[in-house]
$ cat entry_37.txt   # compact mmCIF, C-alpha atoms and all ligand atoms
# COMPACT_ATOMS: atom_id res chain seq x y z
CA MET A 1 -14.70 -9.64 10.36
CA SER A 2 -16.74 -8.97 7.22
CA GLU A 3 -16.69 -11.58 4.47
CA ASP A 4 -15.13 -9.02 2.16
CA ARG A 5 -12.22 -8.54 4.54
CA VAL A 6 -11.73 -12.27 4.87
CA LEU A 7 -11.73 -12.60 1.08
CA ALA A 8 -9.26 -9.71 0.69
CA GLY A 9 -6.90 -11.41 3.13
CA GLU A 10 -7.24 -14.82 1.49
CA LEU A 11 -6.59 -13.44 -1.99
CA ALA A 12 -3.57 -11.36 -0.99
CA THR A 13 -2.10 -14.34 0.85
CA ALA A 14 -2.75 -16.77 -2.02
CA ALA A 15 -1.21 -14.41 -4.59
CA GLY A 16 1.77 -13.94 -2.29
CA GLN A 17 2.31 -17.69 -2.00
CA LEU A 18 2.17 -18.00 -5.78
CA LEU A 19 4.78 -15.24 -6.09
CA LEU A 20 7.10 -16.99 -3.63
CA GLN A 21 6.72 -20.22 -5.59
CA ILE A 22 7.43 -18.49 -8.91
CA ARG A 23 10.52 -16.85 -7.46
CA ALA A 24 11.78 -20.17 -6.01
CA GLU A 25 11.22 -22.19 -9.18
CA SER A 26 12.17 -19.67 -11.87
CA ASP A 27 15.58 -18.76 -13.27
CA LEU A 28 14.20 -15.35 -14.16
CA ARG A 29 15.42 -12.35 -12.17
CA GLY A 30 15.08 -8.56 -12.35
CA LYS A 31 12.48 -7.06 -14.67
CA GLU A 32 11.66 -10.42 -16.27
CA LEU A 33 10.79 -11.99 -12.92
CA GLY A 34 8.79 -8.89 -12.01
CA ALA A 35 6.80 -9.12 -15.24
CA GLU A 36 6.13 -12.84 -14.78
CA GLY A 37 5.06 -12.30 -11.17
CA ASP A 38 2.83 -9.36 -12.11
CA ARG A 39 1.08 -11.36 -14.82
CA ARG A 40 0.47 -14.53 -12.85
CA SER A 41 -0.50 -12.82 -9.60
CA ASN A 42 -2.93 -10.65 -11.57
CA ASP A 43 -4.44 -13.74 -13.26
CA LEU A 44 -4.98 -15.39 -9.87
CA LEU A 45 -6.59 -12.30 -8.35
CA LEU A 46 -8.89 -11.71 -11.33
CA GLU A 47 -9.98 -15.35 -11.53
CA ARG A 48 -10.72 -15.59 -7.83
CA LEU A 49 -12.54 -12.26 -7.73
CA ALA A 50 -14.65 -13.21 -10.76
CA ALA A 51 -15.62 -16.46 -9.03
CA ALA A 52 -16.28 -15.01 -5.58
CA ARG A 53 -17.68 -11.56 -6.44
CA PRO A 54 -19.01 -11.75 -10.05
CA ASP A 55 -20.96 -8.48 -9.77
CA ASP A 56 -18.05 -6.35 -8.59
CA LYS A 57 -15.63 -4.40 -10.81
CA VAL A 58 -11.84 -4.53 -10.59
CA LEU A 59 -9.17 -1.87 -11.02
CA SER A 60 -5.75 -3.51 -11.32
CA GLU A 61 -2.33 -2.15 -12.15
CA GLU A 62 -1.92 -5.02 -14.59
CA SER A 63 -5.25 -4.92 -16.44
CA ALA A 64 -6.81 -2.59 -18.99
CA ASP A 65 -8.90 0.00 -17.16
CA ASP A 66 -12.58 -0.93 -17.47
CA LYS A 67 -14.26 2.45 -17.04
CA SER A 68 -17.57 0.85 -16.13
CA ARG A 69 -16.06 0.85 -12.63
CA LEU A 70 -16.86 4.60 -12.47
CA HIS A 71 -20.57 3.78 -12.17
CA ALA A 72 -20.15 0.67 -10.01
CA GLU A 73 -21.20 0.25 -6.40
CA ARG A 74 -18.17 -1.88 -5.50
CA VAL A 75 -14.68 -1.88 -7.02
CA TRP A 76 -11.70 -4.03 -5.97
CA ILE A 77 -8.46 -2.07 -6.29
CA VAL A 78 -5.50 -4.46 -6.56
CA ASP A 79 -1.76 -4.32 -7.07
CA PRO A 80 -0.56 -7.85 -7.94
CA VAL A 81 3.05 -7.03 -7.02
CA ASP A 82 3.91 -3.79 -5.27
CA GLY A 83 7.66 -3.29 -5.09
CA THR A 84 8.18 -5.09 -8.38
CA ARG A 85 11.81 -3.98 -8.46
CA GLU A 86 12.47 -5.57 -5.05
CA TYR A 87 10.53 -8.75 -5.92
CA GLY A 88 12.91 -9.25 -8.83
CA THR A 89 16.01 -8.82 -6.65
CA ASP A 90 17.31 -11.63 -4.42
CA GLY A 91 17.34 -11.01 -0.70
CA HIS A 92 14.55 -8.42 -0.56
CA THR A 93 11.54 -8.79 1.72
CA ASP A 94 10.08 -5.35 0.86
CA TRP A 95 7.46 -6.29 -1.71
CA ALA A 96 3.74 -6.85 -1.30
CA VAL A 97 0.37 -7.84 -2.73
CA HIS A 98 -2.45 -5.31 -2.27
CA VAL A 99 -6.18 -6.12 -2.31
CA ALA A 100 -8.64 -3.35 -1.39
CA LEU A 101 -12.40 -2.95 -1.78
CA TRP A 102 -13.94 0.45 -2.45
CA SER A 103 -17.65 1.20 -2.26
CA ALA A 104 -19.50 4.17 -3.74
CA GLU A 105 -21.22 4.68 -0.41
CA SER A 106 -18.29 4.53 2.00
CA GLY A 107 -14.97 4.65 0.15
CA LEU A 108 -12.41 2.03 1.21
CA ILE A 109 -14.27 -0.71 3.10
CA ALA A 110 -11.72 -3.55 3.14
CA GLY A 111 -8.01 -3.88 2.60
CA ALA A 112 -5.31 -6.54 2.84
CA VAL A 113 -1.55 -6.22 2.36
CA ALA A 114 0.45 -9.44 2.11
CA LEU A 115 4.19 -9.32 2.74
CA PRO A 116 4.88 -12.85 1.45
CA ALA A 117 8.62 -12.87 2.16
CA LEU A 118 7.82 -12.09 5.82
CA ASP A 119 4.99 -14.65 5.85
CA VAL A 120 2.40 -12.15 7.07
CA THR A 121 -0.81 -10.60 5.75
CA TYR A 122 -2.33 -7.50 7.35
CA VAL A 123 -6.10 -7.08 7.04
CA ASP A 124 -7.96 -4.00 8.16
CA SER A 125 -10.05 -4.74 11.21
CA GLY A 126 -12.87 -2.47 10.09
CA GLU A 127 -13.09 -0.98 13.54
CA PRO A 128 -11.58 2.45 13.91
CA VAL A 129 -9.43 2.35 17.03
CA ALA A 130 -7.86 5.07 19.10
CA ALA A 131 -4.27 5.72 18.09
CA THR A 132 -2.99 4.84 21.53
CA THR A 133 -4.47 1.35 21.44
CA GLY A 134 -4.28 0.66 17.72
CA LEU A 135 -0.62 1.40 17.20
CA ALA A 136 2.34 -0.55 18.43
CA SER A 137 2.42 0.02 22.16
CA SER A 138 5.83 1.65 22.07
CA ALA A 139 5.84 5.38 22.65
CA LEU A 140 7.05 7.61 19.88
CA GLY A 141 10.83 7.28 19.89
CA GLU A 142 13.26 10.12 20.41
CA ARG A 143 14.16 10.00 16.72
CA PRO A 144 11.01 9.14 14.74
CA ARG A 145 11.74 7.00 11.69
CA VAL A 146 10.36 8.09 8.33
CA VAL A 147 10.20 5.48 5.57
CA VAL A 148 10.63 6.71 2.01
CA SER A 149 11.04 5.13 -1.41
CA ALA A 150 14.46 3.55 -1.84
CA SER A 151 14.62 4.75 -5.45
CA ARG A 152 12.37 7.86 -5.59
CA ALA A 153 12.41 9.55 -2.19
CA PRO A 154 10.56 12.88 -2.28
CA ALA A 155 12.58 16.08 -2.42
CA PHE A 156 11.18 17.14 0.98
CA SER A 157 12.37 13.96 2.78
CA ARG A 158 15.30 15.64 4.51
CA ALA A 159 13.18 18.66 5.55
CA VAL A 160 10.57 16.31 7.05
CA VAL A 161 13.05 14.46 9.26
CA GLU A 162 14.67 17.72 10.30
CA ALA A 163 11.26 19.12 11.31
CA ILE A 164 10.51 16.15 13.58
CA GLY A 165 14.06 15.40 14.71
CA GLY A 166 13.90 12.01 13.05
CA GLU A 167 15.77 9.82 10.61
CA LEU A 168 15.14 8.44 7.12
CA LEU A 169 14.67 4.75 6.42
CA PRO A 170 14.64 3.93 2.68
CA MET A 171 12.57 0.88 1.75
CA GLY A 172 10.88 -0.57 -1.34
CA SER A 173 7.10 -1.01 -1.86
CA ALA A 174 4.33 1.28 -0.67
CA GLY A 175 2.68 -1.67 1.13
CA ALA A 176 5.89 -2.68 2.92
CA LYS A 177 6.51 0.92 4.03
CA ALA A 178 2.94 1.44 5.24
CA MET A 179 3.04 -1.86 7.17
CA ALA A 180 6.35 -0.84 8.78
CA VAL A 181 4.42 2.10 10.26
CA VAL A 182 1.51 -0.18 11.23
CA ARG A 183 3.99 -2.47 13.06
CA GLY A 184 5.60 0.47 14.82
CA GLU A 185 9.00 -0.08 13.18
CA ALA A 186 8.61 3.31 11.57
CA ASP A 187 6.56 6.36 12.55
CA ALA A 188 5.69 7.88 9.18
CA TYR A 189 5.70 7.18 5.43
CA VAL A 190 5.88 10.14 3.07
CA HIS A 191 5.76 10.04 -0.72
CA ALA A 192 5.44 12.50 -3.61
CA GLY A 193 6.21 12.65 -7.31
CA GLY A 194 4.08 9.78 -8.59
CA GLN A 195 1.94 6.84 -7.56
CA TYR A 196 -1.40 5.29 -8.52
CA GLU A 197 -4.52 4.30 -6.63
CA TRP A 198 -3.49 0.63 -6.42
CA ASP A 199 -0.22 1.56 -4.72
CA SER A 200 -1.96 3.02 -1.68
CA ALA A 201 -5.59 1.79 -1.44
CA ALA A 202 -5.02 -1.42 0.54
CA PRO A 203 -2.17 -0.02 2.67
CA VAL A 204 -4.32 2.99 3.57
CA ALA A 205 -7.31 0.80 4.50
CA VAL A 206 -5.10 -1.16 6.93
CA ALA A 207 -3.29 1.91 8.28
CA GLN A 208 -6.52 3.85 8.90
CA ALA A 209 -7.99 0.95 10.84
CA LYS A 210 -4.88 1.04 13.04
CA GLY A 211 -5.46 4.67 13.98
CA LEU A 212 -2.79 6.13 11.71
CA TRP A 213 -3.44 9.41 9.89
CA CYS A 214 -3.57 8.97 6.10
CA GLY A 215 -3.95 11.75 3.53
CA ARG A 216 -2.41 13.79 0.74
CA ILE A 217 0.68 15.93 1.39
CA ASP A 218 -1.53 19.06 1.36
CA GLY A 219 -3.71 17.57 4.11
CA SER A 220 -6.64 16.73 1.82
CA ALA A 221 -8.28 13.30 1.68
CA LEU A 222 -7.11 10.42 -0.49
CA VAL A 223 -9.96 9.75 -2.96
CA TYR A 224 -10.24 6.45 -4.83
CA ASN A 225 -11.96 5.07 -7.93
CA GLN A 226 -11.38 8.24 -9.91
CA ASP A 227 -11.33 8.46 -13.71
CA ASP A 228 -7.64 9.36 -13.57
CA THR A 229 -6.04 6.81 -11.23
CA TYR A 230 -2.91 8.92 -10.70
CA LEU A 231 -2.60 9.66 -6.98
CA PRO A 232 0.94 10.96 -6.73
CA ASP A 233 1.51 11.65 -3.04
CA LEU A 234 0.57 10.58 0.45
CA VAL A 235 1.42 10.72 4.13
CA ILE A 236 0.78 7.84 6.53
CA CYS A 237 1.84 8.71 10.06
CA ARG A 238 1.21 8.56 13.76
CA PRO A 239 -1.41 11.24 14.41
CA GLU A 240 0.87 13.17 16.74
CA LEU A 241 3.32 13.76 13.84
CA ARG A 242 0.71 14.95 11.35
CA ASP A 243 0.92 18.71 11.90
CA ALA A 244 4.73 18.86 11.87
CA ILE A 245 4.94 16.73 8.71
CA LEU A 246 2.21 18.62 6.84
CA ALA A 247 3.83 21.95 7.76
CA VAL A 248 6.72 20.83 5.54
CA THR A 249 4.95 18.85 2.82
CA ALA A 250 1.99 21.18 2.25
CA SER A 251 4.24 24.07 1.33
CA SER A 252 6.55 22.06 -0.93
N1 LIG A 301 7.39 8.68 -9.23
C1 LIG A 301 6.61 7.60 -9.38
N2 LIG A 301 5.79 7.45 -10.45
C2 LIG A 301 4.99 6.39 -10.57
N3 LIG A 301 4.93 5.37 -9.68
C3 LIG A 301 5.71 5.46 -8.60
C4 LIG A 301 6.59 6.57 -8.38
N4 LIG A 301 7.22 6.37 -7.21
C5 LIG A 301 6.79 5.20 -6.72
N5 LIG A 301 5.87 4.65 -7.53
C6 LIG A 301 5.18 3.36 -7.36
O1 LIG A 301 4.87 3.18 -6.00
C7 LIG A 301 5.20 1.84 -5.60
C8 LIG A 301 6.21 1.92 -4.47
O2 LIG A 301 7.37 2.52 -4.98
P1 LIG A 301 8.70 2.58 -4.11
O3 LIG A 301 9.12 1.17 -3.88
O4 LIG A 301 9.66 3.37 -4.93
O5 LIG A 301 8.32 3.26 -2.86
C9 LIG A 301 5.75 1.11 -6.82
O6 LIG A 301 4.70 0.32 -7.33
P2 LIG A 301 4.91 -1.01 -8.24
O7 LIG A 301 6.07 -1.76 -7.72
O8 LIG A 301 3.60 -1.71 -8.06
O9 LIG A 301 5.10 -0.50 -9.63
C10 LIG A 301 6.14 2.26 -7.74
O10 LIG A 301 5.99 1.97 -9.11
MG MG A 302 2.49 -0.67 -6.69

$ encode --input "entry_37.txt" --output "structure tokens"
Amino acid sequence: MSEDRVLAGELATAAGQLLLQIRAESDLRGKELGAEGDRRSNDLLLERLAAARPDDKVLSEESADDKSRLHAERVWIVDPVDGTREYGTDGHTDWAVHVALWSAESGLIAGAVALPALDVTYVDSGEPVAATTGLASSALGERPRVVVSASRAPAFSRAVVEAIGGELLPMGSAGAKAMAVVRGEADAYVHAGGQYEWDSAAPVAVAQAKGLWCGRIDGSALVYNQDDTYLPDLVICRPELRDAILAVTASS
């Protein structure tokens, strides 16, 4: 595995452990805990990236946007806590830390998604694999499961599950939802209505390496390190579901 991928995995895991510790030791809950976790996880990621990769730029949800990244060769795209709402709520495991690396030459070249409450970090293998070997070995179920935001499910959610004869599974965090598809617990993740580059960069890097199809709801490519970091919609799904899902989402 490339050194960048190893670093992405180490940083996401370390930030996740810090977040677990903060949650265990703090009396804060809700938005206050989310804000504290965001700030301290961001500090850890920025410090460790500055030490390990001093020449690279960083785009973080929790930092001022340094536009020099637009001319950089390599940009780390990080979300210190994804699923902030769930992190602040007792009993939730659907929150994540995202660390991705984008290069001007090749787009996303490394990605790690830590799910600290589940004690697991997913790192993209860097080797594109066939869908049949990369995905969970289970065949597509009779009723494919579609994960959607627990608080902001897209308007087309119901139409998507009707088109594929599936069922909806609400869940927090873009990273947690994408990794549910990577694990084979779900078959697709659809989102629309708002999101930013840091919400999807690392999850997409991992999901693509697993042979999942990733793109916008109109079928176009997800493009990162843009001036405007708003990237409001995406589909991550088993390739065999792509056409049926896009038939609904592209016309919505
Ligand atoms: N309509 C919207 N506008 C902006 N961001 C959105 C959004 N819907 C979801 N997101 C962001 O996408 C991430 C996953 O959301 P959800 O849990 O609802 O699926 C969250 O990231 P953060 O927790 O990092 O803010 C959330 O803020
Ligand atoms: Mg996020």

$ closest_residue --input "entry_37.txt" --among "A:Ala110, A:Ala96, A:Ala247, A:Leu7" --to "ligand MG 302 (chain A)" --atoms "only C-alpha atoms and all ligand atoms"
A:Ala96

$ residues_near_ligand --input "entry_37.txt" --ligand "ligand MG 302 (chain A)" --cutoff "12 Å" --atoms "all atoms listed in the file" --output "number ranges by chain"
A: 34, 38, 60-62, 77-87, 94-99, 113, 149, 172-177, 194-203, 230-232

$ residues_near_point --input "entry_37.txt" --point "(1.5, 9.6, 13.6)" --cutoff "10 Å" --atoms "only C-alpha atoms" --output "PDB file with C-alpha atoms, in the coordinates of the input"
ATOM      1  CA  ALA A 131      -4.270   5.720  18.090  1.00  0.00           C
ATOM      2  CA  LEU A 135      -0.620   1.400  17.200  1.00  0.00           C
ATOM      3  CA  LEU A 140       7.050   7.610  19.880  1.00  0.00           C
ATOM      4  CA  PRO A 144      11.010   9.140  14.740  1.00  0.00           C
ATOM      5  CA  VAL A 181       4.420   2.100  10.260  1.00  0.00           C
ATOM      6  CA  ALA A 186       8.610   3.310  11.570  1.00  0.00           C
ATOM      7  CA  ASP A 187       6.560   6.360  12.550  1.00  0.00           C
ATOM      8  CA  ALA A 188       5.690   7.880   9.180  1.00  0.00           C
ATOM      9  CA  TYR A 189       5.700   7.180   5.430  1.00  0.00           C
ATOM     10  CA  GLY A 211      -5.460   4.670  13.980  1.00  0.00           C
ATOM     11  CA  LEU A 212      -2.790   6.130  11.710  1.00  0.00           C
ATOM     12  CA  TRP A 213      -3.440   9.410   9.890  1.00  0.00           C
ATOM     13  CA  CYS A 214      -3.570   8.970   6.100  1.00  0.00           C
ATOM     14  CA  VAL A 235       1.420  10.720   4.130  1.00  0.00           C
ATOM     15  CA  ILE A 236       0.780   7.840   6.530  1.00  0.00           C
ATOM     16  CA  CYS A 237       1.840   8.710  10.060  1.00  0.00           C
ATOM     17  CA  ARG A 238       1.210   8.560  13.760  1.00  0.00           C
ATOM     18  CA  PRO A 239      -1.410  11.240  14.410  1.00  0.00           C
ATOM     19  CA  GLU A 240       0.870  13.170  16.740  1.00  0.00           C
ATOM     20  CA  LEU A 241       3.320  13.760  13.840  1.00  0.00           C
ATOM     21  CA  ARG A 242       0.710  14.950  11.350  1.00  0.00           C
ATOM     22  CA  ASP A 243       0.920  18.710  11.900  1.00  0.00           C
ATOM     23  CA  ALA A 244       4.730  18.860  11.870  1.00  0.00           C
ATOM     24  CA  ILE A 245       4.940  16.730   8.710  1.00  0.00           C
TER      25      ILE A 245
END

$ closest_residue --input "entry_37.txt" --among "A:Trp102, A:Phe156, A:Trp76, A:Tyr122" --to "A:Arg48" --atoms "all atoms listed in the file"
A:Trp76

$ closest_residue --input "entry_37.txt" --among "A:Ser41, A:Ser2, A:Asn225, A:Gln208" --to "A:Gln21" --atoms "all atoms listed in the file"
A:Ser41

$ residues_around --input "entry_37.txt" --residues "A:Glu73" --least-positions-apart "5" --cutoff "8 Å" --atoms "all atoms listed in the file" --output "list in words"
Asp56, Ser103, Ala104 and Glu105 of chain A

$ write_last_selection --input "entry_37.txt" --atoms "C-alpha atoms" --output "short mmCIF file (atom, residue, chain, number, x, y, z; two decimals), keeping the file's coordinate frame"
data_model
loop_
_atom_site.label_atom_id
_atom_site.label_comp_id
_atom_site.auth_asym_id
_atom_site.auth_seq_id
_atom_site.Cartn_x
_atom_site.Cartn_y
_atom_site.Cartn_z
CA ASP A 56 -18.05 -6.35 -8.59
CA SER A 103 -17.65 1.20 -2.26
CA ALA A 104 -19.50 4.17 -3.74
CA GLU A 105 -21.22 4.68 -0.41
#

$ closest_residue --input "entry_37.txt" --among "A:Arg23, A:Arg53, A:Arg143, A:Arg152" --to "A:Arg40" --atoms "only C-alpha atoms"
A:Arg23

$ atom_distance --input "entry_37.txt" --atom1 "atom CA of A:Ala100" --atom2 "atom CA of A:Tyr224"
10.5 Å

$ atom_distance --input "entry_37.txt" --atom1 "atom CA of A:Ile164" --atom2 "atom CA of A:Thr93"
27.6 Å

$ residues_around --input "entry_37.txt" --residues "stretch 64-72 of chain A" --least-positions-apart "3" --cutoff "7 Å" --atoms "only C-alpha atoms" --output "ChimeraX atom specification"
/A:57,59,75,225,227

$ closest_residue --input "entry_37.txt" --among "A:Val182, A:Leu169, A:Leu115, A:Ala153" --to "ligand LIG 301 (chain A)" --atoms "all atoms listed in the file"
A:Ala153

$ atom_distance --input "entry_37.txt" --atom1 "atom CA of A:Met171" --atom2 "atom CA of A:Lys210"
20.8 Å

$ closest_residue --input "entry_37.txt" --among "A:Gly193, A:Gly165, A:Gly126, A:Gly107" --to "ligand LIG 301 (chain A)" --atoms "all atoms listed in the file"
A:Gly193

$ residues_around --input "entry_37.txt" --residues "A:Leu33" --least-positions-apart "3" --cutoff "8 Å" --atoms "all atoms listed in the file" --output "number ranges by chain"
A: 23, 26, 28-30, 36-37, 87-88

$ decode --input "entry_37.txt" --residues "stretch 95-108 of chain A" --atoms "N, CA and C atoms" --output "JSON list (two decimals), in the first residue's frame"
[["chain", "number", "residue", "atom", "x", "y", "z"],
["A", 95, "TRP", "N", -21.00, 7.72, 12.80],
["A", 95, "TRP", "CA", -20.22, 8.93, 12.60],
["A", 95, "TRP", "C", -18.81, 8.51, 12.22],
["A", 96, "ALA", "N", -18.07, 9.41, 11.59],
["A", 96, "ALA", "CA", -16.84, 8.99, 10.91],
["A", 96, "ALA", "C", -15.79, 10.10, 10.90],
["A", 97, "VAL", "N", -14.57, 9.72, 10.58],
["A", 97, "VAL", "CA", -13.50, 10.68, 10.25],
["A", 97, "VAL", "C", -13.06, 10.37, 8.83],
["A", 98, "HIS", "N", -12.98, 11.40, 7.99],
["A", 98, "HIS", "CA", -12.61, 11.22, 6.58],
["A", 98, "HIS", "C", -11.24, 11.86, 6.30],
["A", 99, "VAL", "N", -10.36, 11.12, 5.67],
["A", 99, "VAL", "CA", -9.07, 11.66, 5.22],
["A", 99, "VAL", "C", -8.85, 11.18, 3.78],
["A", 100, "ALA", "N", -8.83, 12.12, 2.83],
["A", 100, "ALA", "CA", -8.60, 11.76, 1.43],
["A", 100, "ALA", "C", -7.43, 12.56, 0.89],
["A", 101, "LEU", "N", -6.79, 12.05, -0.14],
["A", 101, "LEU", "CA", -5.73, 12.80, -0.83],
["A", 101, "LEU", "C", -6.09, 12.89, -2.30],
["A", 102, "TRP", "N", -6.08, 14.14, -2.80],
["A", 102, "TRP", "CA", -6.38, 14.43, -4.20],
["A", 102, "TRP", "C", -5.10, 14.90, -4.88],
["A", 103, "SER", "N", -4.89, 14.46, -6.11],
["A", 103, "SER", "CA", -3.74, 14.98, -6.86],
["A", 103, "SER", "C", -4.22, 15.59, -8.17],
["A", 104, "ALA", "N", -3.51, 16.64, -8.61],
["A", 104, "ALA", "CA", -3.90, 17.34, -9.84],
["A", 104, "ALA", "C", -3.85, 16.38, -11.02],
["A", 105, "GLU", "N", -2.94, 15.42, -10.95],
["A", 105, "GLU", "CA", -2.75, 14.51, -12.07],
["A", 105, "GLU", "C", -3.84, 13.44, -12.14],
["A", 106, "SER", "N", -4.24, 12.91, -10.97],
["A", 106, "SER", "CA", -5.08, 11.70, -10.99],
["A", 106, "SER", "C", -6.36, 11.78, -10.18],
["A", 107, "GLY", "N", -6.70, 12.93, -9.62],
["A", 107, "GLY", "CA", -7.90, 13.00, -8.79],
["A", 107, "GLY", "C", -7.67, 12.33, -7.44],
["A", 108, "LEU", "N", -8.67, 11.64, -6.92],
["A", 108, "LEU", "CA", -8.52, 11.00, -5.60],
["A", 108, "LEU", "C", -7.51, 9.87, -5.70]]
